[in-house]
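Contents: one structure, followed by commentary.
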Amino acid sequence: MTSIAVPEHPWLLPGELVVPAERDRARPRRTTRDWVVDSLAFLIGLLWVLFVTADGLSPNPETAIPLPHDWMVGADALIGLVCCGLLWVRRRWPLGLAVATLPLNLFSMAAAIPLLILYFTVVVHRRTAVAIAITGAGLLTNLVFSWARPDPAMPYWATVAWGVVITLAVLAWGMFVRARRQLIVSLRERAERAEAEQQLRVAQARHLERTRIAREMHDVLAHRISLLSLHAGALEFRPDAPADEVARAAGVIRGSAHAALQDLREVIGVLRAEDGGDDVPEPPQPTLADLPTLIAESRSAGVRVNVSDSVAEPGEVPAALGRAAYRIVQEGLTNARKHAAGAAVTVDVAGGPGAGLTVAIGNRWPVGAPSGGTLPGAGTGLVGISERVTLAGGRLAYGRDDAGDFRLAAWLPWPA
């Protein structure tokens, strides 16, 4: 889940900028700041209506020429009061209210300030094209208003010019406010997207790490279970073996089964861990120096293994390179035990810094099926080895060679 940073003082922000949950609503709830702004707008509009009405009823009005009838002043004041009331709902229908009240710009002096506030709301909350269209309509009504309600102390074109200046100033102010809010929303979305992408990268890294550990455990389990099967097959093949041999084979079976269960418990713990397995200790990874132990385990199970080791500077083999070579040999021996039981296996390891490391495992192609049947396999061992070699930047080849034997050969880069 992506955590959303809530502002320290959300009541100081507009409703659209408080939190994304409010921003996604069709009508964001008003914050304390919105209520204060709406109250001030209503109060300013109301004071303007009272001022214009009082000035219109005075013997010498200063805002415009006197109206011929007092009821016209009252009607204009009523229109101004209605427009002041509309200021409370202007956030919900800014464009509709601006279009509906546009004809009032032709003659109403008392509604001038409330209508200007409605116009400002349209500029802030609607697209620029809509704001420009409303601005153009307002400039046209300004021409008529300056003619219908002329200023006694100012010529017509000067009044029109002042109206244009005030309209463009409100337009610039509203566009600035809109741009600033859009910038804040954009920065917030970028921050949320960056956090979500970071969490996705962490989840992917955890998944890759689990997959890597599972691949390692697959190789280990396949090796141990194949050894266990060989010992059990020997007991089945020779039920009349001496008691000490039976006991020794049973002990090997018990130890292999215990180790296999322990490895299985570790990999299940890794795959079940909610935090990616950080709290599950990973077993030590083998290196090229552990190859003799691996060969000895196979020989103890009755597999004939011939080893040719001509690695230059074996102590300088990088850990990742040695682990990959170990897994390749382990997979080759496991496949030989599964599919060519009784066949001799040759293991060749050669190379050095700069020349790379070559690992080859070969065995005679089995003739017929073993008496006890072949061990089941998922068919993913060679696929995993191929992926491991590819990630290391090496090459892998396997299959029957010209002599008809099965051969698994890999070359791994070894930097000088």
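Chain labels A, B, ... are given in the sequence in which chains occur in the structure tokens; within each chain residues are numbered consecutively from 1, and ligands are likewise numbered from 1 in the order shown.
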Exercise. Any idea what's packed within 12 Å of stretch 171-179 of chain A, counting only C-alpha atoms, ignoring anything in its chain fewer than 3 positions away? Could you give it as a ChimeraX atom specification?
Worked result: /A:14,16-17,116-136,138-139,164-168,182-186
Those same residues, written as a tab-separated table (two decimals), in the first residue's frame with N, CA and C atoms?
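So the final result, stored in part-v4.tsv, reads:
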chain	number	residue	atom	x	y	z
A	14	PRO	N	-6.92	24.69	0.29
A	14	PRO	CA	-8.21	24.49	-0.38
A	14	PRO	C	-8.61	23.03	-0.35
A	16	GLU	N	-9.44	21.08	-2.69
A	16	GLU	CA	-8.87	20.28	-3.77
A	16	GLU	C	-7.45	19.81	-3.46
A	17	LEU	N	-6.78	20.44	-2.50
A	17	LEU	CA	-5.38	20.13	-2.24
A	17	LEU	C	-5.14	19.43	-0.91
A	116	LEU	N	-17.72	39.62	-10.33
A	116	LEU	CA	-16.27	39.54	-10.54
A	116	LEU	C	-15.69	38.35	-9.77
A	117	ILE	N	-16.23	38.08	-8.58
A	117	ILE	CA	-15.77	36.93	-7.80
A	117	ILE	C	-16.17	35.62	-8.49
A	118	LEU	N	-17.39	35.58	-9.05
A	118	LEU	CA	-17.81	34.41	-9.81
A	118	LEU	C	-16.89	34.17	-11.01
A	119	TYR	N	-16.52	35.25	-11.69
A	119	TYR	CA	-15.62	35.14	-12.83
A	119	TYR	C	-14.25	34.60	-12.40
A	120	PHE	N	-13.75	35.08	-11.28
A	120	PHE	CA	-12.48	34.60	-10.75
A	120	PHE	C	-12.56	33.10	-10.43
A	121	THR	N	-13.69	32.62	-9.90
A	121	THR	CA	-13.85	31.20	-9.60
A	121	THR	C	-13.81	30.36	-10.86
A	122	VAL	N	-14.42	30.86	-11.94
A	122	VAL	CA	-14.38	30.13	-13.21
A	122	VAL	C	-12.95	30.01	-13.70
A	123	VAL	N	-12.19	31.08	-13.63
A	123	VAL	CA	-10.80	31.05	-14.10
A	123	VAL	C	-9.97	30.05	-13.30
A	124	VAL	N	-10.22	29.95	-11.99
A	124	VAL	CA	-9.43	29.06	-11.14
A	124	VAL	C	-9.80	27.61	-11.35
A	125	HIS	N	-11.09	27.32	-11.53
A	125	HIS	CA	-11.56	25.94	-11.50
A	125	HIS	C	-11.86	25.35	-12.87
A	126	ARG	N	-11.77	26.11	-13.94
A	126	ARG	CA	-12.08	25.57	-15.26
A	126	ARG	C	-10.89	25.75	-16.19
A	127	ARG	N	-10.97	25.04	-17.33
A	127	ARG	CA	-9.87	25.07	-18.29
A	127	ARG	C	-9.64	26.48	-18.82
A	128	THR	N	-8.44	26.70	-19.36
A	128	THR	CA	-8.08	28.03	-19.85
A	128	THR	C	-8.98	28.45	-21.00
A	129	ALA	N	-9.34	27.51	-21.88
A	129	ALA	CA	-10.20	27.86	-23.01
A	129	ALA	C	-11.55	28.37	-22.53
A	130	VAL	N	-12.10	27.74	-21.50
A	130	VAL	CA	-13.38	28.18	-20.95
A	130	VAL	C	-13.23	29.57	-20.32
A	131	ALA	N	-12.13	29.77	-19.58
A	131	ALA	CA	-11.90	31.07	-18.95
A	131	ALA	C	-11.76	32.17	-20.00
A	132	ILE	N	-11.08	31.89	-21.12
A	132	ILE	CA	-10.92	32.89	-22.18
A	132	ILE	C	-12.27	33.22	-22.81
A	133	ALA	N	-13.10	32.21	-23.00
A	133	ALA	CA	-14.43	32.45	-23.58
A	133	ALA	C	-15.27	33.34	-22.66
A	134	ILE	N	-15.29	33.05	-21.38
A	134	ILE	CA	-16.04	33.88	-20.43
A	134	ILE	C	-15.46	35.29	-20.39
A	135	THR	N	-14.13	35.40	-20.50
A	135	THR	CA	-13.50	36.72	-20.51
A	135	THR	C	-13.94	37.53	-21.72
A	136	GLY	N	-13.97	36.88	-22.89
A	136	GLY	CA	-14.42	37.59	-24.09
A	136	GLY	C	-15.86	38.06	-23.95
A	138	GLY	N	-17.40	38.71	-21.18
A	138	GLY	CA	-17.42	39.79	-20.19
A	138	GLY	C	-16.94	41.11	-20.77
A	139	LEU	N	-15.94	41.08	-21.66
A	139	LEU	CA	-15.46	42.32	-22.28
A	139	LEU	C	-16.52	42.93	-23.18
A	164	VAL	N	-11.56	46.81	-18.90
A	164	VAL	CA	-10.67	45.81	-19.53
A	164	VAL	C	-9.49	45.51	-18.61
A	165	VAL	N	-8.91	46.55	-18.00
A	165	VAL	CA	-7.77	46.34	-17.12
A	165	VAL	C	-8.15	45.48	-15.93
A	166	ILE	N	-9.30	45.79	-15.32
A	166	ILE	CA	-9.73	45.01	-14.15
A	166	ILE	C	-10.00	43.56	-14.54
A	167	THR	N	-10.65	43.35	-15.69
A	167	THR	CA	-10.95	41.98	-16.13
A	167	THR	C	-9.68	41.18	-16.39
A	168	LEU	N	-8.72	41.78	-17.10
A	168	LEU	CA	-7.48	41.07	-17.40
A	168	LEU	C	-6.66	40.83	-16.14
A	182	GLN	N	-2.22	23.41	-9.84
A	182	GLN	CA	-1.88	22.29	-10.72
A	182	GLN	C	-0.46	21.81	-10.46
A	183	LEU	N	0.44	22.75	-10.19
A	183	LEU	CA	1.82	22.37	-9.88
A	183	LEU	C	1.88	21.55	-8.60
A	184	ILE	N	1.14	21.96	-7.58
A	184	ILE	CA	1.14	21.22	-6.31
A	184	ILE	C	0.58	19.82	-6.52
A	185	VAL	N	-0.52	19.72	-7.27
A	185	VAL	CA	-1.11	18.41	-7.53
A	185	VAL	C	-0.15	17.54	-8.33
A	186	SER	N	0.52	18.14	-9.32
A	186	SER	CA	1.47	17.37	-10.13
A	186	SER	C	2.63	16.87	-9.29
For this session: Using backbone DSSP assignments, extract all alpha helix (DSSP H) residues from stretch 138-358 of chain A; output them as an MDAnalysis selection string.
Result: chainID A and resid 138:148 156:237 243:272 291:300 319:339
Exercise. Do you know which residues are at most 12 Å from A:Leu97 counting only C-alpha atoms, after dropping those on the same chain fewer than 2 positions away, and could you put them as a ChimeraX atom specification?
Worked result: /A:82-95,99-104,114-122,134
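Atom to atom, atom CA of A:Val246 and atom CA of A:Thr346 stand 28.6 Å apart.
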For this session: Considering only C-alpha atoms, return as number ranges by chain whatever protein or nucleic-acid residues lie within 6 Å of A:Arg407, sequence-local ones (same chain, fewer than 2 positions apart) excluded.
Result: A: 361-362, 398-399
Near-A:Pro353 list (7 Å; only C-alpha atoms; drop same-chain fewer than 3 positions) as a PDB file with N, CA and C atoms, in the first residue's frame:
ATOM      1  N   GLY A 356      38.588 -17.933 -18.700  1.00  0.00           N
ATOM      2  CA  GLY A 356      37.268 -18.433 -18.361  1.00  0.00           C
ATOM      3  C   GLY A 356      37.354 -19.790 -17.705  1.00  0.00           C
ATOM      4  N   TRP A 414      35.754 -15.623 -16.612  1.00  0.00           N
ATOM      5  CA  TRP A 414      36.573 -15.424 -15.418  1.00  0.00           C
ATOM      6  C   TRP A 414      37.479 -14.230 -15.702  1.00  0.00           C
ATOM      7  N   PRO A 415      37.140 -13.048 -15.170  1.00  0.00           N
ATOM      8  CA  PRO A 415      37.927 -11.846 -15.497  1.00  0.00           C
ATOM      9  C   PRO A 415      39.386 -12.019 -15.087  1.00  0.00           C
ATOM     10  N   ALA A 416      40.255 -11.439 -15.875  1.00  0.00           N
ATOM     11  CA  ALA A 416      41.687 -11.514 -15.569  1.00  0.00           C
ATOM     12  C   ALA A 416      41.976 -10.685 -14.333  1.00  0.00           C
TER      13      ALA A 416
END
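Using only C-alpha atoms for every distance, the candidate list A:Leu13, A:Leu227, A:Leu321, A:Ala148 yields A:Leu227 as the residue closest to A:Ala341.
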Exercise. How many Å separate atom CA of A:Phe145 from atom CA of A:Asp76?
Worked result: 13.6 Å
Taking the chain letters and numbering used in this document, name the residues of stretch 277-318 of chain A that DSSP puts in strand (DSSP E), as a short mmCIF file (atom, residue, chain, number, x, y, z; two decimals) with N, CA, C and O atoms, in the first residue's frame.
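Generated file (out-v8.cif):
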data_model
loop_
_atom_site.label_atom_id
_atom_site.label_comp_id
_atom_site.auth_asym_id
_atom_site.auth_seq_id
_atom_site.Cartn_x
_atom_site.Cartn_y
_atom_site.Cartn_z
N VAL A 305 32.67 -41.83 -10.39
CA VAL A 305 32.93 -40.46 -10.85
C VAL A 305 34.42 -40.31 -11.08
O VAL A 305 35.24 -40.56 -10.18
N ASN A 306 34.79 -39.92 -12.29
CA ASN A 306 36.16 -39.61 -12.65
C ASN A 306 36.30 -38.10 -12.78
O ASN A 306 35.58 -37.48 -13.56
N VAL A 307 37.22 -37.54 -12.05
CA VAL A 307 37.34 -36.08 -11.98
C VAL A 307 38.66 -35.66 -12.60
O VAL A 307 39.71 -36.26 -12.33
N SER A 308 38.59 -34.61 -13.40
CA SER A 308 39.79 -33.98 -13.97
C SER A 308 39.73 -32.49 -13.62
O SER A 308 38.90 -31.76 -14.14
N ASP A 309 40.59 -32.08 -12.71
CA ASP A 309 40.59 -30.70 -12.22
C ASP A 309 41.92 -30.05 -12.61
O ASP A 309 42.97 -30.40 -12.10
N SER A 310 41.84 -29.12 -13.55
CA SER A 310 43.03 -28.40 -13.99
C SER A 310 42.79 -26.90 -13.95
O SER A 310 43.06 -26.17 -14.91
N VAL A 311 42.24 -26.44 -12.85
CA VAL A 311 41.95 -25.03 -12.67
C VAL A 311 43.21 -24.33 -12.18
O VAL A 311 43.81 -24.75 -11.17
#
Problem set entry | Atomic distance atom CA of A:Gly354 - atom CA of A:Gly393, expressed in Å with one decimal | 13.7 Å
Problem set entry | Contacts of A:Leu46 within 10 Å, only C-alpha atoms, excl. fewer than 2 positions in-chain, as a VMD selection string | chain A and resid 40 to 44 48 to 52 77 80 to 85 110 to 111 113 to 114
